[in-house]
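Engineer: Dropping a structure here in structure tokens format, bear with me for questions.
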Amino acid sequence: MNPLIPTPDTIPAAWGYFQALSLLLFPIHLLFMNTVVGSTAIALYSHWRRTPASGRLAYGLARLLPLLLSLTINFGVAALLFVQVSFGQFLYTSSILMGVFWLSVIPLLIIAYYALYLYDFRFPHLGRRGLAVIAFCMATFVVIPFIFVNNMTLMLHPEVWHQYFKDSAGTILNLGDPTLWPRYLHFLFAALAVGGLAVALFGRYLGRRDAEAGTYAVGVGMKVFAMLTLMQVLDGMVFLVTLPTAVRERLMGGSAEATTVFLAAFVLALLVLLAGWQRRVTLAACLTVPLVYLMVAVRDALRTGYLLPDYSLSSLKVVPQAGPLVMFVAVLLVGLVVIAWLVRIFFRRAPSP
């Protein structure tokens with residue numbers, strides 16, 4: 001046992017509840033996050049093109065992005081809380097080691113949030129200045145995932161935590177990890193791909209009122225989706241090769257559960273890629289949602305492999321306290337209903353670009 005790993009806190013219910021909620025909510029956060037990143041990139045490109053159809057698409061996305069970012073943040077907070085419950089002694093430590101970068105996520109998000117509202121409310125008056133605003137948002141949405149990937153990988157490597165004794169300023173990054181860049185690119189390509197698919201779906205909606213802008217949205221969205229999905233698959237192979245042997249073997253037959261999920265995800269990824277190249281928007285969307293859930297399950301299997309044999313969720317001590325968990329689930333369900341109602345109202349009353 002690594003002496004730098006803190007003693008884990010007790011948990012109020014069996015670890016399976018928190019694991020199930022994490023696997024349920026984190027993919028929802030990813031879907032919203034991917035939509036924000038990809039839609040911002042396409043809004044930037046469309047604003048730069050300055051054609052009538054691309055301009056109307058950029059304005060349509062400007063109306064959506066603040067809402068999407070708020071949903072991303074709210075579902076992300078819930079997912080992060082469950083990671084902290086299950087892996088707190090690892091995540092808290094890595095967060096302290098890179099504290100300067102980790103805390104910078106909050107002001108970056110706040111500024112980007114305000115910038116998106118500026119892009120929305122002042123779109124007709126910004127002109128070419130709007131390009132700088134949305135470019136700033138895109139740059140922010142590229143930096144923040146890099147910080148997250150650093151933290152989520154640093155927590156898996158207690159053997160490098162001793163760097164704190166040489167650098168206690170909170171500026172340690174996990175740049176020595178060979179999986180860092182493939183993992184980061186895997187998330188970035190996925191975000192751009194799913195964002196492209198979301199724009200294509202939005203183009204279907206937009207086309208009811210603006211056929212030209214809707215056709216443009218579907219075309220550019222599915223092109224981005226197909227190209228970036230292919231790049232994600234290729235990068236995923238690189239990522240697999242860079243994994244430590246013991247962790248990689250869990251996906252290659254060492255663990256029946258991990259291998260089954262990995263193979264299912266790989267096959268589904270190929271089907272998604274095929275649907276993307278054929279520009280079948282609805283089919284691609286129906287396949288992408290379960291694929292995201294499978295990829296999150298693969299990610300969870302990798303994290304388990306990294307932390308063995310020093311740690312497993314089954315080793316957590318349970319001190320029963322059902323009240324907080326029941327209250328959380330109840331509030332979550334009510335919140336989901338309210339969010340669905342608000343989104344419905346938004347789309348029913350949103351003005352045409």
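Labels used: A, B, ... for chains in the order of the structure tokens, numbers from 1 for residues in each chain, and numbers from 1 for ligands as shown.
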Per residue of region 132-158 of chain A within 12 Å of region 243-256 of chain A, record the nearest atom pair and its distance in Å to one decimal, counting only C-alpha atoms, with rows in chain order and ascending residue number, as CSV.

Structural biologist:
```
residue,atom,partner,partner_atom,distance
A:Thr153,CA,A:Leu243,CA,11.6
A:Leu156,CA,A:Val247,CA,11.6
A:His157,CA,A:Pro244,CA,11.5
```

Engineer: What lies within 8 Å of Ile11 (chain A) using only C-alpha atoms, ignoring chain neighbours under 6 positions off, as a PyMOL selection string?

Structural biologist: chain A and resi 85+316-320

Engineer: Please, could you write that set of residues out with N, CA and C atoms as a compact mmCIF listing (two decimals), in the first residue's frame?

Structural biologist:
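Generated file (part_32.txt):
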```txt
# COMPACT_ATOMS: atom_id res chain seq x y z
N VAL A 85 -17.14 10.74 -3.68
CA VAL A 85 -17.57 9.79 -2.65
C VAL A 85 -16.80 8.48 -2.79
N LEU A 316 -14.45 -0.17 0.82
CA LEU A 316 -14.96 0.99 1.53
C LEU A 316 -15.85 0.56 2.70
N LYS A 317 -15.69 1.22 3.82
CA LYS A 317 -16.49 0.91 5.01
C LYS A 317 -17.82 1.67 4.93
N VAL A 318 -18.91 0.93 5.18
CA VAL A 318 -20.24 1.52 5.10
C VAL A 318 -20.77 1.82 6.50
N VAL A 319 -21.17 3.08 6.69
CA VAL A 319 -21.88 3.50 7.90
C VAL A 319 -23.27 3.94 7.44
N PRO A 320 -24.29 3.07 7.54
CA PRO A 320 -25.60 3.34 6.92
C PRO A 320 -26.19 4.69 7.31
```

Engineer: At a cut-off of 12 Å, using only C-alpha atoms, what residues contact Ala322 (chain A)? Leave out same-chain residues fewer than 2 positions from it and give the result as a list in words.

Structural biologist: Ile11, Pro12, Ala13, Ala14, Tyr17, Val318, Val319, Pro320, Pro324, Leu325, Val326, Met327, Phe328 and Val329 of chain A

Engineer: Those selected residues, please, written with N, CA and C atoms and delivered as a PDB file, in the first residue's frame.

Structural biologist:
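The resulting result.pdb:
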```pdb
ATOM      1  N   ILE A  11     -18.679   5.572   3.809  1.00  0.00           N
ATOM      2  CA  ILE A  11     -19.759   5.963   2.890  1.00  0.00           C
ATOM      3  C   ILE A  11     -21.102   5.607   3.524  1.00  0.00           C
ATOM      4  N   PRO A  12     -22.174   6.366   3.204  1.00  0.00           N
ATOM      5  CA  PRO A  12     -23.455   6.178   3.890  1.00  0.00           C
ATOM      6  C   PRO A  12     -24.316   5.047   3.337  1.00  0.00           C
ATOM      7  N   ALA A  13     -23.907   4.437   2.234  1.00  0.00           N
ATOM      8  CA  ALA A  13     -24.663   3.324   1.644  1.00  0.00           C
ATOM      9  C   ALA A  13     -23.686   2.464   0.858  1.00  0.00           C
ATOM     10  N   ALA A  14     -24.128   1.299   0.447  1.00  0.00           N
ATOM     11  CA  ALA A  14     -23.265   0.389  -0.307  1.00  0.00           C
ATOM     12  C   ALA A  14     -22.709   1.087  -1.553  1.00  0.00           C
ATOM     13  N   TYR A  17     -24.598   1.703  -5.084  1.00  0.00           N
ATOM     14  CA  TYR A  17     -25.544   2.781  -5.346  1.00  0.00           C
ATOM     15  C   TYR A  17     -24.843   3.978  -5.976  1.00  0.00           C
ATOM     16  N   VAL A 318     -18.909   0.933   5.179  1.00  0.00           N
ATOM     17  CA  VAL A 318     -20.242   1.516   5.095  1.00  0.00           C
ATOM     18  C   VAL A 318     -20.767   1.821   6.496  1.00  0.00           C
ATOM     19  N   VAL A 319     -21.170   3.084   6.688  1.00  0.00           N
ATOM     20  CA  VAL A 319     -21.885   3.498   7.903  1.00  0.00           C
ATOM     21  C   VAL A 319     -23.267   3.939   7.441  1.00  0.00           C
ATOM     22  N   PRO A 320     -24.287   3.072   7.536  1.00  0.00           N
ATOM     23  CA  PRO A 320     -25.598   3.340   6.921  1.00  0.00           C
ATOM     24  C   PRO A 320     -26.191   4.693   7.305  1.00  0.00           C
ATOM     25  N   PRO A 324     -29.801  10.971   3.337  1.00  0.00           N
ATOM     26  CA  PRO A 324     -29.232  11.842   2.302  1.00  0.00           C
ATOM     27  C   PRO A 324     -29.335  11.256   0.892  1.00  0.00           C
ATOM     28  N   LEU A 325     -29.137   9.927   0.769  1.00  0.00           N
ATOM     29  CA  LEU A 325     -29.194   9.303  -0.550  1.00  0.00           C
ATOM     30  C   LEU A 325     -30.618   9.342  -1.103  1.00  0.00           C
ATOM     31  N   VAL A 326     -31.605   9.039  -0.254  1.00  0.00           N
ATOM     32  CA  VAL A 326     -33.000   9.075  -0.696  1.00  0.00           C
ATOM     33  C   VAL A 326     -33.392  10.496  -1.103  1.00  0.00           C
ATOM     34  N   MET A 327     -32.973  11.483  -0.298  1.00  0.00           N
ATOM     35  CA  MET A 327     -33.292  12.871  -0.614  1.00  0.00           C
ATOM     36  C   MET A 327     -32.661  13.285  -1.938  1.00  0.00           C
ATOM     37  N   PHE A 328     -31.404  12.852  -2.159  1.00  0.00           N
ATOM     38  CA  PHE A 328     -30.741  13.194  -3.413  1.00  0.00           C
ATOM     39  C   PHE A 328     -31.491  12.626  -4.611  1.00  0.00           C
ATOM     40  N   VAL A 329     -31.856  11.347  -4.531  1.00  0.00           N
ATOM     41  CA  VAL A 329     -32.564  10.712  -5.650  1.00  0.00           C
ATOM     42  C   VAL A 329     -33.892  11.412  -5.907  1.00  0.00           C
TER      43      VAL A 329
END
```

Engineer: May I ask for the distance between CA of Pro107 (chain A) and CA of Lys166 (chain A), given in Å to one decimal place?

Structural biologist: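 Rounded to one decimal, the two atoms are 27.4 Å apart.
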
Engineer: Choose the residue, out of A:Ser104, A:Ser46, A:Gln19, A:Thr40, that has the smallest atom-to-atom separation from Ala217 (chain A); count only C-alpha atoms.

Structural biologist: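 So, comparing all the options, the nearest one is A:Ser46.
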
Engineer: Closest to Pro158 (chain A) among A:Pro3, A:Pro124, A:Pro66, A:Gly176, using only C-alpha atoms?

Structural biologist: A:Pro3

Engineer: Compare A:Val338, A:Val194, A:Val272, A:Val160 by their minimum atom-to-atom distance to Leu4 (chain A), counting only C-alpha atoms, and give me the closest one.

Structural biologist: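 Checking each candidate against Leu4 (chain A), we get A:Val160 as the closest.
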
Engineer: Which residues are close to region 33-35 of chain A, i.e. within 10 Å by only C-alpha atoms, leaving aside same-chain residues fewer than 3 positions away? Reply as number ranges by chain.

Structural biologist: A: 27-30, 38-41, 65, 68-73, 75-76, 141, 145, 187-199

Engineer: Atoms to include: N, CA, C and O atoms. Write the selected residues as a CSV table (one decimal), in the first residue's frame.

Structural biologist:
```
chain,number,residue,atom,x,y,z
A,27,PRO,N,-22.6,10.1,-18.1
A,27,PRO,CA,-22.8,10.1,-19.6
A,27,PRO,C,-23.7,11.3,-20.0
A,27,PRO,O,-23.5,11.9,-21.1
A,28,ILE,N,-24.7,11.6,-19.2
A,28,ILE,CA,-25.6,12.7,-19.5
A,28,ILE,C,-24.8,14.0,-19.5
A,28,ILE,O,-24.9,14.9,-20.4
A,29,HIS,N,-23.9,14.2,-18.5
A,29,HIS,CA,-23.0,15.3,-18.5
A,29,HIS,C,-22.1,15.4,-19.8
A,29,HIS,O,-21.9,16.4,-20.4
A,30,LEU,N,-21.6,14.2,-20.2
A,30,LEU,CA,-20.7,14.1,-21.3
A,30,LEU,C,-21.5,14.6,-22.6
A,30,LEU,O,-21.0,15.3,-23.5
A,38,GLY,N,-18.8,21.0,-29.3
A,38,GLY,CA,-18.9,20.9,-30.8
A,38,GLY,C,-19.8,22.0,-31.4
A,38,GLY,O,-19.4,22.5,-32.5
A,39,SER,N,-20.8,22.4,-30.7
A,39,SER,CA,-21.7,23.5,-31.2
A,39,SER,C,-20.9,24.8,-31.2
A,39,SER,O,-21.1,25.6,-32.2
A,40,THR,N,-20.1,25.0,-30.2
A,40,THR,CA,-19.3,26.2,-30.2
A,40,THR,C,-18.3,26.3,-31.4
A,40,THR,O,-18.1,27.3,-32.0
A,41,ALA,N,-17.7,25.1,-31.7
A,41,ALA,CA,-16.8,25.0,-32.8
A,41,ALA,C,-17.5,25.3,-34.1
A,41,ALA,O,-17.0,26.1,-35.0
A,65,LEU,N,-26.5,27.9,-26.7
A,65,LEU,CA,-25.3,27.6,-26.0
A,65,LEU,C,-25.4,27.9,-24.5
A,65,LEU,O,-24.9,27.1,-23.7
A,68,LEU,N,-27.3,25.1,-22.9
A,68,LEU,CA,-26.6,23.9,-22.9
A,68,LEU,C,-25.4,23.9,-21.8
A,68,LEU,O,-25.2,22.9,-21.2
A,69,LEU,N,-24.8,25.0,-21.7
A,69,LEU,CA,-23.7,25.1,-20.7
A,69,LEU,C,-24.2,25.0,-19.3
A,69,LEU,O,-23.6,24.3,-18.5
A,70,SER,N,-25.3,25.6,-19.0
A,70,SER,CA,-25.9,25.4,-17.7
A,70,SER,C,-26.3,24.0,-17.4
A,70,SER,O,-26.0,23.5,-16.2
A,71,LEU,N,-26.8,23.3,-18.3
A,71,LEU,CA,-27.1,21.8,-18.1
A,71,LEU,C,-25.8,21.0,-18.0
A,71,LEU,O,-25.8,20.1,-17.1
A,72,THR,N,-24.8,21.4,-18.7
A,72,THR,CA,-23.5,20.7,-18.6
A,72,THR,C,-23.0,20.8,-17.2
A,72,THR,O,-22.5,19.8,-16.6
A,73,ILE,N,-23.0,22.0,-16.7
A,73,ILE,CA,-22.4,22.3,-15.4
A,73,ILE,C,-23.2,21.6,-14.3
A,73,ILE,O,-22.6,20.9,-13.4
A,75,PHE,N,-25.2,18.8,-14.4
A,75,PHE,CA,-25.0,17.4,-14.4
A,75,PHE,C,-23.6,17.0,-14.1
A,75,PHE,O,-23.3,16.0,-13.5
A,76,GLY,N,-22.6,17.9,-14.4
A,76,GLY,CA,-21.2,17.7,-14.1
A,76,GLY,C,-21.0,17.7,-12.6
A,76,GLY,O,-20.2,16.9,-12.1
A,141,PHE,N,-13.2,26.2,-23.8
A,141,PHE,CA,-13.7,24.9,-23.7
A,141,PHE,C,-12.7,23.8,-24.2
A,141,PHE,O,-12.9,22.6,-24.0
A,145,PRO,N,-11.2,21.0,-20.5
A,145,PRO,CA,-11.0,19.5,-20.5
A,145,PRO,C,-9.6,19.0,-20.3
A,145,PRO,O,-9.4,18.0,-19.7
A,187,PHE,N,-11.2,12.5,-25.8
A,187,PHE,CA,-12.4,13.3,-25.3
A,187,PHE,C,-12.7,14.5,-26.2
A,187,PHE,O,-13.8,14.8,-26.5
A,188,LEU,N,-11.6,15.1,-26.7
A,188,LEU,CA,-11.8,16.3,-27.6
A,188,LEU,C,-12.5,15.9,-28.9
A,188,LEU,O,-13.4,16.5,-29.4
A,189,PHE,N,-12.0,14.8,-29.5
A,189,PHE,CA,-12.6,14.3,-30.8
A,189,PHE,C,-14.0,13.9,-30.6
A,189,PHE,O,-14.9,14.2,-31.4
A,190,ALA,N,-14.3,13.3,-29.4
A,190,ALA,CA,-15.7,12.8,-29.1
A,190,ALA,C,-16.6,14.1,-28.9
A,190,ALA,O,-17.7,14.1,-29.4
A,191,ALA,N,-16.1,15.1,-28.3
A,191,ALA,CA,-16.9,16.3,-28.1
A,191,ALA,C,-17.2,17.0,-29.4
A,191,ALA,O,-18.4,17.3,-29.6
A,192,LEU,N,-16.3,17.1,-30.3
A,192,LEU,CA,-16.5,17.7,-31.6
A,192,LEU,C,-17.5,16.9,-32.4
A,192,LEU,O,-18.3,17.4,-33.1
A,193,ALA,N,-17.3,15.5,-32.3
A,193,ALA,CA,-18.1,14.6,-33.1
A,193,ALA,C,-19.6,14.7,-32.6
A,193,ALA,O,-20.5,14.9,-33.4
A,194,VAL,N,-19.8,14.5,-31.3
A,194,VAL,CA,-21.2,14.6,-30.8
A,194,VAL,C,-21.8,15.9,-31.0
A,194,VAL,O,-23.0,16.1,-31.3
A,195,GLY,N,-21.0,17.0,-30.8
A,195,GLY,CA,-21.4,18.3,-31.1
A,195,GLY,C,-21.9,18.5,-32.5
A,195,GLY,O,-22.9,19.1,-32.8
A,196,GLY,N,-21.2,17.9,-33.5
A,196,GLY,CA,-21.6,17.9,-34.9
A,196,GLY,C,-22.9,17.2,-35.1
A,196,GLY,O,-23.8,17.7,-35.8
A,197,LEU,N,-23.1,16.1,-34.4
A,197,LEU,CA,-24.4,15.4,-34.5
A,197,LEU,C,-25.5,16.2,-33.9
A,197,LEU,O,-26.6,16.2,-34.4
A,198,ALA,N,-25.2,16.9,-32.8
A,198,ALA,CA,-26.3,17.7,-32.2
A,198,ALA,C,-26.6,18.9,-33.1
A,198,ALA,O,-27.8,19.2,-33.2
A,199,VAL,N,-25.7,19.4,-33.8
A,199,VAL,CA,-26.0,20.5,-34.7
A,199,VAL,C,-26.8,20.0,-35.9
A,199,VAL,O,-27.8,20.7,-36.4
```

Engineer: In Å, rounded to a single decimal, give me how far CA of Leu44 (chain A) is from CA of Ala58 (chain A).

Structural biologist: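 Answer for the CA of Ala58 (chain A) to CA of Leu44 (chain A) separation: 7.5 Å.
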
Engineer: What does the distance from CA of Val100 (chain A) to CA of Thr171 (chain A) come to in Å, to one decimal?

Structural biologist: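 About the pair CA of Val100 (chain A) and CA of Thr171 (chain A): they are 5.8 Å apart.
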
Engineer: As a PyMOL selection string, please: every residue in region 113-324 of chain A that DSSP puts in alpha helix (DSSP H).

Structural biologist: chain A and resi 113-121+123-126+129-154+180-206+211-242+245-249+256-277+281-307+322-324

Engineer: Let me make sure I understand: among A:Trp341, A:Tyr113, A:Phe26, A:Phe101, which one has the smallest atom-to-atom distance to Tyr293 (chain A) if we use only C-alpha atoms?

Structural biologist: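 Looking at the shortest contact to Tyr293 (chain A), the residue is A:Phe26.
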
Engineer: Write out as a PDB file with N, CA, C and O atoms, in the first residue's frame each polymer residue whose atoms come within 10 Å of Gly130 (chain A), counting only C-alpha atoms; drop sequence neighbours fewer than 3 positions from it.

Structural biologist:
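And here is the file that came out, result.pdb:
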```pdb
ATOM      1  N   LEU A  44     -18.389  28.966 -34.363  1.00  0.00           N
ATOM      2  CA  LEU A  44     -17.195  29.737 -34.729  1.00  0.00           C
ATOM      3  C   LEU A  44     -16.942  29.646 -36.235  1.00  0.00           C
ATOM      4  O   LEU A  44     -16.711  30.663 -36.911  1.00  0.00           O
ATOM      5  N   HIS A  47     -19.778  31.476 -38.160  1.00  0.00           N
ATOM      6  CA  HIS A  47     -19.629  32.934 -38.050  1.00  0.00           C
ATOM      7  C   HIS A  47     -18.506  33.425 -38.958  1.00  0.00           C
ATOM      8  O   HIS A  47     -18.617  34.485 -39.580  1.00  0.00           O
ATOM      9  N   TRP A  48     -17.449  32.650 -39.033  1.00  0.00           N
ATOM     10  CA  TRP A  48     -16.294  33.028 -39.872  1.00  0.00           C
ATOM     11  C   TRP A  48     -16.650  33.000 -41.356  1.00  0.00           C
ATOM     12  O   TRP A  48     -16.190  33.838 -42.130  1.00  0.00           O
ATOM     13  N   ALA A 115     -19.560  35.232 -21.600  1.00  0.00           N
ATOM     14  CA  ALA A 115     -19.240  35.472 -23.010  1.00  0.00           C
ATOM     15  C   ALA A 115     -20.305  34.846 -23.918  1.00  0.00           C
ATOM     16  O   ALA A 115     -20.667  35.430 -24.952  1.00  0.00           O
ATOM     17  N   LEU A 118     -23.224  37.116 -23.869  1.00  0.00           N
ATOM     18  CA  LEU A 118     -22.917  38.270 -24.706  1.00  0.00           C
ATOM     19  C   LEU A 118     -23.098  37.921 -26.180  1.00  0.00           C
ATOM     20  O   LEU A 118     -23.691  38.693 -26.950  1.00  0.00           O
ATOM     21  N   TYR A 119     -22.624  36.753 -26.580  1.00  0.00           N
ATOM     22  CA  TYR A 119     -22.742  36.298 -27.961  1.00  0.00           C
ATOM     23  C   TYR A 119     -24.210  36.110 -28.347  1.00  0.00           C
ATOM     24  O   TYR A 119     -24.596  36.360 -29.493  1.00  0.00           O
ATOM     25  N   ASP A 120     -25.013  35.691 -27.387  1.00  0.00           N
ATOM     26  CA  ASP A 120     -26.437  35.490 -27.626  1.00  0.00           C
ATOM     27  C   ASP A 120     -27.176  36.833 -27.703  1.00  0.00           C
ATOM     28  O   ASP A 120     -27.767  37.182 -28.731  1.00  0.00           O
ATOM     29  N   ARG A 122     -26.225  39.988 -27.809  1.00  0.00           N
ATOM     30  CA  ARG A 122     -25.709  41.075 -28.650  1.00  0.00           C
ATOM     31  C   ARG A 122     -25.320  40.600 -30.045  1.00  0.00           C
ATOM     32  O   ARG A 122     -24.627  41.327 -30.770  1.00  0.00           O
ATOM     33  N   PHE A 123     -25.746  39.417 -30.431  1.00  0.00           N
ATOM     34  CA  PHE A 123     -25.311  38.843 -31.709  1.00  0.00           C
ATOM     35  C   PHE A 123     -25.503  39.794 -32.893  1.00  0.00           C
ATOM     36  O   PHE A 123     -24.575  40.000 -33.680  1.00  0.00           O
ATOM     37  N   PRO A 124     -26.695  40.402 -33.075  1.00  0.00           N
ATOM     38  CA  PRO A 124     -26.878  41.257 -34.260  1.00  0.00           C
ATOM     39  C   PRO A 124     -25.981  42.499 -34.256  1.00  0.00           C
ATOM     40  O   PRO A 124     -25.731  43.085 -35.319  1.00  0.00           O
ATOM     41  N   HIS A 125     -25.509  42.904 -33.080  1.00  0.00           N
ATOM     42  CA  HIS A 125     -24.732  44.143 -32.977  1.00  0.00           C
ATOM     43  C   HIS A 125     -23.221  43.908 -32.920  1.00  0.00           C
ATOM     44  O   HIS A 125     -22.450  44.845 -33.071  1.00  0.00           O
ATOM     45  N   LEU A 126     -22.823  42.664 -32.678  1.00  0.00           N
ATOM     46  CA  LEU A 126     -21.394  42.393 -32.524  1.00  0.00           C
ATOM     47  C   LEU A 126     -20.659  42.402 -33.858  1.00  0.00           C
ATOM     48  O   LEU A 126     -19.487  42.790 -33.925  1.00  0.00           O
ATOM     49  N   GLY A 127     -21.320  41.923 -34.917  1.00  0.00           N
ATOM     50  CA  GLY A 127     -20.654  41.850 -36.210  1.00  0.00           C
ATOM     51  C   GLY A 127     -19.445  40.918 -36.151  1.00  0.00           C
ATOM     52  O   GLY A 127     -19.497  39.838 -35.573  1.00  0.00           O
ATOM     53  N   VAL A 133     -15.462  36.802 -29.696  1.00  0.00           N
ATOM     54  CA  VAL A 133     -16.159  36.332 -28.497  1.00  0.00           C
ATOM     55  C   VAL A 133     -16.315  34.818 -28.527  1.00  0.00           C
ATOM     56  O   VAL A 133     -15.984  34.128 -27.561  1.00  0.00           O
ATOM     57  N   ILE A 134     -16.793  34.281 -29.635  1.00  0.00           N
ATOM     58  CA  ILE A 134     -17.031  32.836 -29.697  1.00  0.00           C
ATOM     59  C   ILE A 134     -15.702  32.077 -29.787  1.00  0.00           C
ATOM     60  O   ILE A 134     -15.590  30.944 -29.315  1.00  0.00           O
ATOM     61  N   ALA A 135     -14.669  32.713 -30.355  1.00  0.00           N
ATOM     62  CA  ALA A 135     -13.339  32.083 -30.382  1.00  0.00           C
ATOM     63  C   ALA A 135     -12.781  31.968 -28.970  1.00  0.00           C
ATOM     64  O   ALA A 135     -12.150  30.959 -28.616  1.00  0.00           O
ATOM     65  N   PHE A 136     -13.005  32.991 -28.146  1.00  0.00           N
ATOM     66  CA  PHE A 136     -12.573  32.928 -26.748  1.00  0.00           C
ATOM     67  C   PHE A 136     -13.282  31.788 -26.023  1.00  0.00           C
ATOM     68  O   PHE A 136     -12.664  31.035 -25.262  1.00  0.00           O
TER      69      PHE A 136
END
```
